[in-house]
>>> print(open('upload-v6.cif').read())   # mmCIF, C-alpha atoms
data_protein
loop_
_atom_site.label_atom_id
_atom_site.label_comp_id
_atom_site.auth_asym_id
_atom_site.auth_seq_id
_atom_site.Cartn_x
_atom_site.Cartn_y
_atom_site.Cartn_z
CA MET Q 98 -100.21 49.39 91.76
CA SER Q 99 -97.32 50.58 89.66
CA THR Q 100 -95.70 49.12 86.57
CA THR Q 101 -92.30 49.33 85.01
CA ALA Q 102 -92.15 50.97 81.59
CA SER Q 103 -90.51 49.13 78.75
CA ALA Q 104 -87.39 50.51 77.08
CA GLY Q 105 -88.14 53.15 74.46
CA LEU Q 106 -91.45 54.26 75.98
CA PRO Q 107 -91.91 57.94 76.87
CA ALA Q 108 -90.79 58.94 80.35
CA SER Q 109 -94.38 59.81 81.28
CA THR Q 110 -95.31 56.16 81.12
CA HIS Q 111 -93.31 55.62 84.32
CA GLN Q 112 -96.27 57.26 86.14
CA PHE Q 113 -98.88 55.17 84.34
CA HIS Q 114 -101.25 53.28 86.67
CA PRO Q 115 -103.04 50.33 85.02
CA GLY Q 116 -106.71 50.39 85.96
CA TYR Q 117 -110.18 49.97 84.53
CA ASP Q 118 -110.25 53.71 83.78
CA THR Q 119 -106.91 53.67 81.92
CA CYS Q 120 -106.83 50.22 80.28
CA THR Q 121 -109.31 48.82 77.78
CA GLU Q 122 -107.51 45.64 76.73
CA VAL Q 123 -104.50 43.53 77.58
CA THR Q 124 -101.29 45.13 76.31
CA ALA Q 125 -97.62 45.24 77.29
CA ILE Q 126 -98.35 47.84 79.97
CA CYS Q 127 -101.92 46.68 80.76
CA ARG Q 128 -101.08 43.10 81.58
CA VAL Q 129 -103.73 40.66 82.78
CA GLU Q 130 -101.83 40.30 86.06
CA TYR Q 131 -102.67 43.93 86.85
CA THR Q 132 -106.44 43.36 86.80
CA THR Q 133 -108.24 42.77 90.09
CA LEU Q 134 -108.80 39.12 89.23
CA GLY Q 135 -105.31 38.67 87.81
CA TYR Q 136 -106.31 36.01 85.26
CA TYR Q 137 -108.44 35.22 82.23
CA PRO Q 138 -111.63 33.63 83.67
CA ASN Q 139 -112.32 30.19 82.24
CA GLU Q 140 -114.87 30.74 79.48
CA GLY Q 141 -116.32 27.22 79.44
CA VAL Q 142 -116.82 27.08 83.21
CA ASN Q 143 -118.53 30.47 83.30
CA ILE Q 144 -120.83 29.66 80.37
CA PHE Q 145 -121.77 26.41 82.15
CA LEU Q 146 -122.51 28.35 85.36
CA ALA Q 147 -124.54 31.01 83.53
CA ILE Q 148 -126.64 28.30 81.84
CA GLY Q 149 -127.07 26.43 85.14
CA PHE Q 150 -128.31 29.48 87.01
CA GLY Q 151 -130.50 30.48 84.06
CA LEU Q 152 -132.20 27.07 84.04
CA CYS Q 153 -132.72 27.23 87.81
CA ALA Q 154 -134.35 30.65 87.42
CA ILE Q 155 -136.72 29.45 84.69
CA LEU Q 156 -137.67 26.24 86.48
CA THR Q 157 -138.11 27.90 89.88
CA LEU Q 158 -140.32 30.60 88.39
CA GLY Q 159 -142.37 28.02 86.47
CA ILE Q 160 -142.89 25.81 89.51
CA GLY Q 161 -143.65 28.85 91.65
CA ILE Q 162 -146.42 29.99 89.31
CA TRP Q 163 -147.74 26.45 88.97
CA LYS Q 164 -147.78 25.70 92.71
CA ARG Q 165 -148.26 29.30 93.89
CA THR Q 166 -145.27 29.58 96.21
CA TRP Q 167 -144.81 33.29 95.62
CA GLY Q 168 -142.29 34.68 98.09
CA TYR Q 169 -139.89 31.73 97.93
CA SER Q 170 -139.99 31.52 94.15
CA ILE Q 171 -139.53 35.25 93.58
CA ALA Q 172 -136.49 35.41 95.88
CA ILE Q 173 -134.77 32.33 94.41
CA THR Q 174 -135.57 33.33 90.81
CA ALA Q 175 -134.23 36.87 91.29
CA GLY Q 176 -131.05 35.51 92.89
CA CYS Q 177 -130.52 33.02 90.06
CA ILE Q 178 -131.02 35.73 87.42
CA LEU Q 179 -128.34 37.86 89.08
CA GLU Q 180 -125.98 34.90 89.28
CA CYS Q 181 -126.62 34.16 85.60
CA ALA Q 182 -125.79 37.76 84.69
CA GLY Q 183 -122.65 37.66 86.84
CA TYR Q 184 -121.23 34.56 85.19
CA ALA Q 185 -122.20 35.76 81.72
CA ALA Q 186 -120.11 38.86 82.53
CA ARG Q 187 -117.21 36.66 83.64
CA ALA Q 188 -117.46 34.81 80.32
CA ILE Q 189 -117.00 38.20 78.62
CA LEU Q 190 -113.99 38.86 80.86
CA SER Q 191 -112.44 35.64 79.56
CA GLN Q 192 -112.04 37.46 76.23
CA ASN Q 193 -110.99 40.82 77.69
CA PRO Q 194 -110.17 41.02 81.43
CA TRP Q 195 -110.07 44.83 81.21
CA GLN Q 196 -113.74 45.11 80.16
CA ALA Q 197 -114.85 47.52 82.90
CA SER Q 198 -118.62 47.11 82.59
CA ALA Q 199 -118.37 43.30 82.64
CA PHE Q 200 -116.11 43.45 85.69
CA LYS Q 201 -118.53 45.70 87.59
CA THR Q 202 -121.50 43.53 86.56
CA GLN Q 203 -119.94 40.33 87.87
CA ILE Q 204 -118.90 41.99 91.14
CA VAL Q 205 -122.37 43.38 91.86
CA SER Q 206 -124.34 40.36 90.64
CA ILE Q 207 -122.30 37.69 92.41
CA ILE Q 208 -122.44 39.61 95.70
CA LEU Q 209 -126.17 40.44 95.49
CA GLY Q 210 -127.40 37.10 94.10
CA PRO Q 211 -126.71 34.92 97.18
CA THR Q 212 -128.33 37.53 99.43
CA LEU Q 213 -131.65 37.11 97.59
CA ILE Q 214 -131.22 33.34 97.53
CA CYS Q 215 -130.76 33.36 101.31
CA ILE Q 216 -134.07 35.22 101.63
CA GLY Q 217 -135.78 32.27 99.92
CA LEU Q 218 -134.17 29.96 102.48
CA TYR Q 219 -135.24 32.15 105.41
CA LEU Q 220 -138.87 32.10 104.25
CA THR Q 221 -139.03 28.32 104.62
CA LEU Q 222 -138.48 28.25 108.39
CA LYS Q 223 -141.77 29.82 109.45
CA HIS Q 224 -143.70 27.42 107.20
CA ILE Q 225 -141.80 24.38 108.47
CA ILE Q 226 -142.41 25.30 112.11
CA SER Q 227 -146.05 26.33 111.67
CA THR Q 228 -146.82 23.12 109.77
CA LEU Q 229 -145.00 20.62 111.97
CA ALA Q 230 -145.34 21.95 115.55
CA PRO Q 231 -145.72 25.70 116.23
CA SER Q 232 -145.59 25.14 120.00
CA LEU Q 233 -142.01 23.91 119.68
CA SER Q 234 -140.75 27.10 118.02
CA PRO Q 235 -137.59 28.42 119.72
CA PHE Q 236 -138.01 31.83 121.37
CA PHE Q 237 -140.83 33.32 119.26
CA ARG Q 238 -143.77 32.55 116.99
CA PRO Q 239 -143.15 31.37 113.39
CA LYS Q 240 -144.33 34.57 111.71
CA PHE Q 241 -141.46 36.53 113.28
CA TYR Q 242 -138.66 34.51 111.65
CA PRO Q 243 -138.80 36.20 108.23
CA LEU Q 244 -139.45 39.55 109.94
CA PHE Q 245 -136.04 39.13 111.60
CA PHE Q 246 -133.94 37.23 109.09
CA VAL Q 247 -134.95 39.03 105.87
CA PRO Q 248 -134.13 42.57 107.14
CA ALA Q 249 -130.95 41.21 108.74
CA ASP Q 250 -129.89 39.69 105.43
CA VAL Q 251 -130.64 42.90 103.55
CA SER Q 252 -128.66 44.90 106.12
CA CYS Q 253 -125.62 42.71 105.36
CA LEU Q 254 -125.93 43.70 101.73
CA VAL Q 255 -126.30 47.39 102.60
CA ILE Q 256 -123.15 47.29 104.72
CA GLN Q 257 -121.21 45.64 101.89
CA ALA Q 258 -122.53 48.26 99.45
CA ILE Q 259 -121.38 51.06 101.77
CA GLY Q 260 -117.94 49.46 101.97
CA GLY Q 261 -117.80 49.18 98.21
CA GLY Q 262 -118.71 52.85 97.89
CA ILE Q 263 -115.94 53.85 100.30
CA ALA Q 264 -113.43 51.70 98.41
CA ALA Q 265 -114.52 53.20 95.10
CA ALA Q 266 -114.22 56.73 96.49
CA ALA Q 267 -110.67 55.99 97.59
CA GLY Q 268 -109.50 55.68 93.99
CA LYS Q 269 -105.92 54.60 93.32
CA ASP Q 270 -104.08 56.99 95.65
CA ASN Q 271 -105.89 56.90 99.02
CA TYR Q 272 -104.77 53.52 100.33
CA SER Q 273 -105.99 54.17 103.88
CA LEU Q 274 -109.54 54.91 102.71
CA LEU Q 275 -109.43 51.87 100.44
CA GLN Q 276 -108.54 49.67 103.42
CA GLN Q 277 -111.38 51.16 105.45
CA GLY Q 278 -113.78 50.29 102.64
CA ASN Q 279 -112.46 46.73 102.60
CA ARG Q 280 -112.98 46.43 106.37
CA VAL Q 281 -116.59 47.56 106.03
CA ILE Q 282 -117.17 44.98 103.29
CA ILE Q 283 -115.69 42.25 105.48
CA ALA Q 284 -117.91 43.38 108.37
CA GLY Q 285 -120.97 42.93 106.13
CA ILE Q 286 -119.86 39.43 105.13
CA VAL Q 287 -119.11 38.46 108.75
CA LEU Q 288 -122.57 39.68 109.75
CA GLN Q 289 -124.05 37.54 106.96
CA VAL Q 290 -122.27 34.49 108.38
CA VAL Q 291 -123.60 35.33 111.87
CA VAL Q 292 -127.16 35.63 110.50
CA LEU Q 293 -126.84 32.33 108.63
CA ALA Q 294 -125.36 30.62 111.68
CA THR Q 295 -128.22 31.92 113.86
CA PHE Q 296 -130.73 30.60 111.34
CA GLY Q 297 -129.02 27.21 111.37
CA ILE Q 298 -128.99 27.04 115.18
CA LEU Q 299 -132.69 27.92 115.50
CA SER Q 300 -133.61 25.45 112.77
CA ALA Q 301 -131.59 22.69 114.44
CA ILE Q 302 -133.17 23.39 117.85
CA PHE Q 303 -136.65 23.15 116.37
CA LEU Q 304 -136.00 19.98 114.37
CA LEU Q 305 -134.46 18.23 117.39
CA ARG Q 306 -137.48 19.23 119.48
CA ALA Q 307 -139.85 18.03 116.77
CA LYS Q 308 -138.05 14.71 116.45
CA LYS Q 309 -138.30 14.11 120.19
CA HIS Q 310 -141.90 15.29 120.27
CA PHE Q 311 -143.19 13.03 117.52
CA ARG Q 312 -141.29 10.00 118.79
CA SER Q 313 -143.21 10.30 122.06
CA PHE Q 314 -146.61 10.07 120.32
CA PRO Q 315 -148.72 7.00 121.04
CA GLU Q 316 -150.28 5.25 118.09
CA GLY Q 317 -153.76 6.51 117.28
CA GLU Q 318 -155.81 8.11 114.55
CA GLU Q 319 -155.64 11.66 115.91
CA GLU Q 320 -151.92 11.53 116.59
CA THR Q 321 -151.25 9.99 113.19
CA GLN Q 322 -153.08 12.84 111.48
CA GLU Q 323 -151.02 15.41 113.36
CA LYS Q 324 -147.81 13.52 112.62
CA GLN Q 325 -148.57 13.18 108.91
CA PRO Q 326 -146.46 16.17 107.72
CA TRP Q 327 -143.52 14.98 109.85
CA THR Q 328 -143.65 11.37 108.69
CA ASN Q 329 -144.26 12.28 105.04
CA LYS Q 330 -141.25 11.16 102.97
CA LYS Q 331 -141.42 14.27 100.81
CA THR Q 332 -141.08 16.40 103.93
CA ARG Q 333 -137.94 14.51 104.92
CA TYR Q 334 -136.39 14.97 101.48
CA PHE Q 335 -137.32 18.65 101.53
CA LEU Q 336 -135.70 19.18 104.93
CA TRP Q 337 -132.50 17.40 103.86
CA ALA Q 338 -132.38 19.48 100.67
CA MET Q 339 -132.77 22.73 102.63
CA ALA Q 340 -130.02 21.58 105.00
CA GLY Q 341 -127.71 20.89 102.04
CA ALA Q 342 -128.46 24.26 100.46
CA TYR Q 343 -127.90 25.99 103.81
CA SER Q 344 -124.51 24.28 104.22
CA ALA Q 345 -123.42 25.29 100.73
CA LEU Q 346 -124.38 28.94 101.31
CA LEU Q 347 -122.59 28.99 104.67
CA ILE Q 348 -119.39 27.62 103.09
CA ARG Q 349 -119.65 30.31 100.41
CA CYS Q 350 -119.95 33.11 102.95
CA ILE Q 351 -117.01 31.85 105.02
CA TYR Q 352 -114.92 31.69 101.85
CA ARG Q 353 -115.89 35.29 101.06
CA ILE Q 354 -114.43 36.44 104.38
CA ALA Q 355 -111.09 34.82 103.55
CA GLU Q 356 -111.23 36.19 100.00
CA MET Q 357 -111.73 39.80 101.10
CA ALA Q 358 -109.44 39.68 104.14
CA GLY Q 359 -106.37 40.48 102.05
CA GLY Q 360 -107.98 43.36 100.14
CA TRP Q 361 -108.67 43.71 96.44
CA GLY Q 362 -106.43 41.66 94.18
CA ASN Q 363 -104.99 39.45 96.95
CA GLU Q 364 -103.74 35.92 96.33
CA ILE Q 365 -107.02 34.22 97.26
CA MET Q 366 -109.06 36.57 95.06
CA GLN Q 367 -106.71 35.84 92.17
CA ASP Q 368 -107.01 32.06 92.57
CA GLU Q 369 -109.73 30.96 90.15
CA PRO Q 370 -110.03 27.28 91.21
CA SER Q 371 -110.86 28.19 94.82
CA PHE Q 372 -113.38 30.79 93.61
CA VAL Q 373 -115.09 28.32 91.29
CA VAL Q 374 -115.32 25.57 93.93
CA LEU Q 375 -116.10 27.60 97.07
CA GLU Q 376 -118.15 30.42 95.55
CA SER Q 377 -119.59 29.44 92.18
CA PHE Q 378 -120.41 25.79 92.72
CA MET Q 379 -121.54 26.24 96.32
CA VAL Q 380 -124.19 28.72 95.21
CA LEU Q 381 -125.09 26.60 92.17
CA ILE Q 382 -125.52 23.50 94.35
CA ALA Q 383 -127.81 25.50 96.65
CA CYS Q 384 -129.89 26.73 93.70
CA VAL Q 385 -130.17 23.24 92.20
CA LEU Q 386 -131.45 21.96 95.56
CA PHE Q 387 -133.88 24.87 95.91
CA THR Q 388 -135.17 24.17 92.40
CA GLY Q 389 -135.16 20.37 92.46
CA PHE Q 390 -136.87 20.25 95.85
CA ALA Q 391 -139.20 23.20 95.36
CA PRO Q 392 -141.67 23.44 98.26
CA GLY Q 393 -144.68 23.52 95.96
CA VAL Q 394 -143.89 19.89 95.10
CA TRP Q 395 -142.04 18.60 98.15
CA PHE Q 396 -143.57 20.69 100.96
CA PRO Q 397 -147.04 21.70 99.73
CA TRP Q 398 -147.92 23.44 103.01
CA MET Q 399 -146.03 26.47 101.66
CA SER Q 400 -148.40 26.85 98.72
CA HIS Q 401 -151.14 29.49 98.45
CA SER Q 402 -153.28 27.10 96.39
CA GLU Q 403 -156.10 25.09 97.93
CA LYS Q 404 -155.46 22.41 95.33
CA VAL Q 405 -151.86 22.01 96.53
CA ASN Q 406 -151.88 22.92 100.23
CA PRO Q 407 -153.56 20.17 102.33
CA ARG Q 408 -154.35 22.59 105.14
CA LEU Q 409 -156.14 25.09 102.90
CA ARG Q 410 -158.00 22.26 101.20
CA ALA Q 411 -159.16 20.82 104.54
CA GLU Q 412 -160.35 24.23 105.70
CA ARG Q 413 -162.32 24.77 102.52
CA GLU Q 414 -163.95 21.36 102.76
CA GLY Q 415 -164.66 21.90 106.45
CA GLY Q 416 -166.16 25.33 105.82
CA GLY Q 417 -163.90 27.01 108.39
CA GLY Q 418 -161.26 28.40 106.07
CA GLN Q 419 -160.01 31.90 106.35
CA GLY Q 420 -159.23 32.35 102.69
CA GLU Q 421 -155.86 32.56 101.11
CA GLY Q 422 -153.95 35.63 100.07
CA MET Q 423 -150.61 37.34 100.16
CA GLY Q 424 -151.70 39.75 102.84
CA HIS Q 425 -152.87 37.10 105.35
CA GLU Q 426 -150.02 36.10 107.61
CA MET Q 427 -151.38 34.23 110.59
CA GLY Q 428 -154.55 32.44 111.69
CA GLU Q 429 -155.65 29.80 114.14
CA THR Q 430 -156.57 26.23 113.32
CA SER Q 431 -159.19 24.32 115.25
CA SER Q 432 -156.44 22.75 117.35
CA GLY Q 433 -155.02 26.12 118.31
CA ASN Q 434 -151.95 25.76 116.11
CA GLU Q 435 -150.77 28.62 113.99
CA LYS Q 436 -151.10 28.47 110.26
CA VAL Q 437 -149.07 30.49 107.80
CA VAL Q 438 -150.49 31.49 104.48
CA GLY Q 439 -148.17 34.43 103.84
CA VAL Q 440 -145.02 34.51 101.73
#
>>> encode(input="upload-v6.cif", output="structure tokens")
Amino acid sequence: MSTTASAGLPASTHQFHPGYDTCTEVTAICRVEYTTLGYYPNEGVNIFLAIGFGLCAILTLGIGIWKRTWGYSIAITAGCILECAGYAARAILSQNPWQASAFKTQIVSIILGPTLICIGLYLTLKHIISTLAPSLSPFFRPKFYPLFFVPADVSCLVIQAIGGGIAAAAGKDNYSLLQQGNRVIIAGIVLQVVVLATFGILSAIFLLRAKKHFRSFPEGEEETQEKQPWTNKKTRYFLWAMAGAYSALLIRCIYRIAEMAGGWGNEIMQDEPSFVVLESFMVLIACVLFTGFAPGVWFPWMSHSEKVNPRLRAEREGGGGQGEGMGHEMGETSSGNEKVVGV
């Protein structure tokens, strides 16, 4: 990106390229329009977002320790901490858009944060299926869902990181290499949408099967006991909350494709309102739902605690428990159904 020198400036300034390595603050030749974002980020909005994500991190971690939902809580907390750091950096950019370290922090944090948050979402599916009706699981057993979705989600991040490295190596003069880097980044985001969409399809197939299955149950004590997790109102609220969070994250990822399609500094990337609505608030809504409907409270079958998890408590009282622990993934209940005590 080139600029036009003002009258009276040395001739050498005609070759000046505004960038984060040549500009440290907004001046006549380092105008805010020449930054990647192209604007002063709204300070109040970004402080609000930083506080929101910070509170979600604290509450999720606290509930996770209290109810012993380790994997879910660690993933959501880590994602919220990164989001908090990213929006704190954007608040700094509101004072100086050329602050290079703040710009890099917000780029990395806001890309990485949702990836970790998605991991928390992916961990819920195996617990939902194994608790409600393992036999209705689409294609494979519940324990394999996180073994597929978590590495797939991480691979999306790795691809985006590779693309970012290529774009960074291109510098200001190698436009072709810069475009290749952008294409790799877009490929990573598209793959993330595909992974999320696959998760949504499998979840929908299972829930539709479960709904049909439990509707066909005759009334009776044994059937009622098996149906209890499905008919539990907290379970319903938890499932709706996860669906809402999933939808918000999917919207965010689709927006990211459009944002990166035009390359760095394109019109969509330089439109703050669309970024705030389709990126910032979509992820915040997801985190609020993950926090407000934490599984330790609303879906206790994800807990590692015998005091919280009805299945572990029943096994202990019945003397047939297998013991809880992070390393124990699968077991068999007396009815032949799978149980999940892992992450």
>>> residues_near_point(input="upload-v6.cif", point="(-125.4, 43.0, 86.2)", cutoff="8 Å", atoms="all atoms listed in the file", output="list in words")
Leu179, Ala182, Gly183, Ala186, Ala199, Lys201, Thr202, Gln203, Val205 and Ser206 of chain Q
>>> residues_around(input="upload-v6.cif", residues="Ile283 in chain Q", least_positions_apart="5", cutoff="8 Å", atoms="only C-alpha atoms", output="list in words")
Gln257, Ile354, Met357 and Ala358 of chain Q
>>> residues_around(input="upload-v6.cif", residues="range 155-165 of chain Q", least_positions_apart="3", cutoff="12 Å", atoms="all atoms listed in the file", output="compact mmCIF listing (two decimals) with C-alpha atoms, in the coordinates of the input")
# COMPACT_ATOMS: atom_id res chain seq x y z
CA ILE Q 148 -126.64 28.30 81.84
CA GLY Q 149 -127.07 26.43 85.14
CA PHE Q 150 -128.31 29.48 87.01
CA GLY Q 151 -130.50 30.48 84.06
CA LEU Q 152 -132.20 27.07 84.04
CA GLY Q 168 -142.29 34.68 98.09
CA TYR Q 169 -139.89 31.73 97.93
CA SER Q 170 -139.99 31.52 94.15
CA ILE Q 171 -139.53 35.25 93.58
CA ALA Q 172 -136.49 35.41 95.88
CA ILE Q 173 -134.77 32.33 94.41
CA THR Q 174 -135.57 33.33 90.81
CA ALA Q 175 -134.23 36.87 91.29
CA GLY Q 176 -131.05 35.51 92.89
CA CYS Q 177 -130.52 33.02 90.06
CA ILE Q 178 -131.02 35.73 87.42
CA CYS Q 181 -126.62 34.16 85.60
CA ILE Q 214 -131.22 33.34 97.53
CA GLY Q 217 -135.78 32.27 99.92
CA CYS Q 384 -129.89 26.73 93.70
CA VAL Q 385 -130.17 23.24 92.20
CA LEU Q 386 -131.45 21.96 95.56
CA PHE Q 387 -133.88 24.87 95.91
CA THR Q 388 -135.17 24.17 92.40
CA GLY Q 389 -135.16 20.37 92.46
CA PHE Q 390 -136.87 20.25 95.85
CA ALA Q 391 -139.20 23.20 95.36
CA PRO Q 392 -141.67 23.44 98.26
CA GLY Q 393 -144.68 23.52 95.96
CA VAL Q 394 -143.89 19.89 95.10
CA TRP Q 395 -142.04 18.60 98.15
CA PHE Q 396 -143.57 20.69 100.96
CA PRO Q 397 -147.04 21.70 99.73
CA TRP Q 398 -147.92 23.44 103.01
CA MET Q 399 -146.03 26.47 101.66
CA SER Q 400 -148.40 26.85 98.72
CA HIS Q 401 -151.14 29.49 98.45
CA SER Q 402 -153.28 27.10 96.39
CA GLU Q 403 -156.10 25.09 97.93
CA LYS Q 404 -155.46 22.41 95.33
CA VAL Q 405 -151.86 22.01 96.53
CA ASN Q 406 -151.88 22.92 100.23
CA GLU Q 421 -155.86 32.56 101.11
CA GLY Q 422 -153.95 35.63 100.07
CA MET Q 423 -150.61 37.34 100.16
CA VAL Q 438 -150.49 31.49 104.48
CA GLY Q 439 -148.17 34.43 103.84
CA VAL Q 440 -145.02 34.51 101.73
>>> residues_around(input="upload-v6.cif", residues="range 237-249 of chain Q", least_positions_apart="3", cutoff="7 Å", atoms="all atoms listed in the file", output="short mmCIF file (atom, residue, chain, number, x, y, z; two decimals) with C-alpha atoms, in the frame of the given file")
data_model
loop_
_atom_site.label_atom_id
_atom_site.label_comp_id
_atom_site.auth_asym_id
_atom_site.auth_seq_id
_atom_site.Cartn_x
_atom_site.Cartn_y
_atom_site.Cartn_z
CA ILE Q 216 -134.07 35.22 101.63
CA TYR Q 219 -135.24 32.15 105.41
CA LEU Q 220 -138.87 32.10 104.25
CA LYS Q 223 -141.77 29.82 109.45
CA ILE Q 226 -142.41 25.30 112.11
CA SER Q 227 -146.05 26.33 111.67
CA PRO Q 231 -145.72 25.70 116.23
CA SER Q 234 -140.75 27.10 118.02
CA SER Q 252 -128.66 44.90 106.12
CA CYS Q 253 -125.62 42.71 105.36
CA VAL Q 292 -127.16 35.63 110.50
#
>>> atom_distance(input="upload-v6.cif", atom1="CA of Ile259 in chain Q", atom2="CA of Val291 in chain Q")
18.8 Å
>>> closest_residue(input="upload-v6.cif", among="Q:Phe335, Q:Tyr343, Q:Tyr184, Q:Tyr137", to="Gly210 in chain Q", atoms="only C-alpha atoms")
Q:Tyr184
>>> axis_aligned_box(input="upload-v6.cif", around="range 213-217 of chain Q", padding_each_side="8 Å", output="AutoDock Vina command-line options")
--center_x -133.3 --center_y 34.7 --center_z 99.6 --size_x 21.0 --size_y 20.8 --size_z 20.1
>>> atom_distance(input="upload-v6.cif", atom1="CA of Ser191 in chain Q", atom2="CA of Thr132 in chain Q")
12.2 Å
>>> residues_around(input="upload-v6.cif", residues="Ile256 in chain Q", least_positions_apart="5", cutoff="8 Å", atoms="all atoms listed in the file", output="JSON, numbers by chain")
{"Q": [281, 282, 284, 285]}
>>> decode(input="upload-v6.cif", residues="range 364-379 of chain Q", atoms="N, CA, C and O atoms", output="CSV table (one decimal), in the first residue's frame")
chain,number,residue,atom,x,y,z
Q,364,GLU,N,-12.8,-4.4,2.6
Q,364,GLU,CA,-13.9,-3.6,3.1
Q,364,GLU,C,-14.6,-4.3,4.3
Q,364,GLU,O,-15.0,-3.6,5.2
Q,365,ILE,N,-14.8,-5.6,4.2
Q,365,ILE,CA,-15.5,-6.3,5.3
Q,365,ILE,C,-14.6,-6.2,6.6
Q,365,ILE,O,-15.1,-6.0,7.7
Q,366,MET,N,-13.3,-6.5,6.4
Q,366,MET,CA,-12.4,-6.5,7.6
Q,366,MET,C,-12.4,-5.1,8.2
Q,366,MET,O,-12.1,-5.0,9.4
Q,367,GLN,N,-12.6,-4.0,7.4
Q,367,GLN,CA,-12.5,-2.7,7.9
Q,367,GLN,C,-13.9,-2.1,8.3
Q,367,GLN,O,-14.0,-0.9,8.5
Q,368,ASP,N,-14.8,-3.0,8.4
Q,368,ASP,CA,-16.2,-2.6,8.9
Q,368,ASP,C,-16.4,-3.1,10.3
Q,368,ASP,O,-16.7,-4.3,10.5
Q,369,GLU,N,-16.2,-2.2,11.3
Q,369,GLU,CA,-16.3,-2.6,12.7
Q,369,GLU,C,-17.7,-3.1,13.1
Q,369,GLU,O,-17.7,-4.1,13.8
Q,370,PRO,N,-18.8,-2.5,12.7
Q,370,PRO,CA,-20.1,-3.0,13.2
Q,370,PRO,C,-20.3,-4.5,12.8
Q,370,PRO,O,-20.8,-5.2,13.6
Q,371,SER,N,-20.0,-4.9,11.6
Q,371,SER,CA,-20.2,-6.3,11.2
Q,371,SER,C,-19.3,-7.2,12.0
Q,371,SER,O,-19.7,-8.3,12.4
Q,372,PHE,N,-18.1,-6.7,12.3
Q,372,PHE,CA,-17.1,-7.5,13.1
Q,372,PHE,C,-17.7,-7.7,14.5
Q,372,PHE,O,-17.7,-8.8,15.1
Q,373,VAL,N,-18.2,-6.6,15.1
Q,373,VAL,CA,-18.7,-6.7,16.5
Q,373,VAL,C,-19.9,-7.6,16.6
Q,373,VAL,O,-20.0,-8.4,17.5
Q,374,VAL,N,-20.8,-7.5,15.6
Q,374,VAL,CA,-22.0,-8.3,15.7
Q,374,VAL,C,-21.8,-9.8,15.3
Q,374,VAL,O,-22.2,-10.7,16.0
Q,375,LEU,N,-21.1,-10.0,14.2
Q,375,LEU,CA,-20.9,-11.4,13.7
Q,375,LEU,C,-19.7,-12.1,14.2
Q,375,LEU,O,-19.7,-13.4,14.1
Q,376,GLU,N,-18.8,-11.5,14.8
Q,376,GLU,CA,-17.6,-12.1,15.4
Q,376,GLU,C,-17.7,-12.0,16.9
Q,376,GLU,O,-17.9,-13.0,17.6
Q,377,SER,N,-17.6,-10.8,17.4
Q,377,SER,CA,-17.5,-10.6,18.9
Q,377,SER,C,-18.7,-11.1,19.6
Q,377,SER,O,-18.6,-11.9,20.6
Q,378,PHE,N,-19.9,-10.6,19.3
Q,378,PHE,CA,-21.1,-11.0,20.1
Q,378,PHE,C,-21.5,-12.4,19.8
Q,378,PHE,O,-22.1,-13.0,20.7
Q,379,MET,N,-21.2,-13.0,18.7
Q,379,MET,CA,-21.6,-14.4,18.4
Q,379,MET,C,-20.8,-15.3,19.4
Q,379,MET,O,-21.3,-16.2,20.0
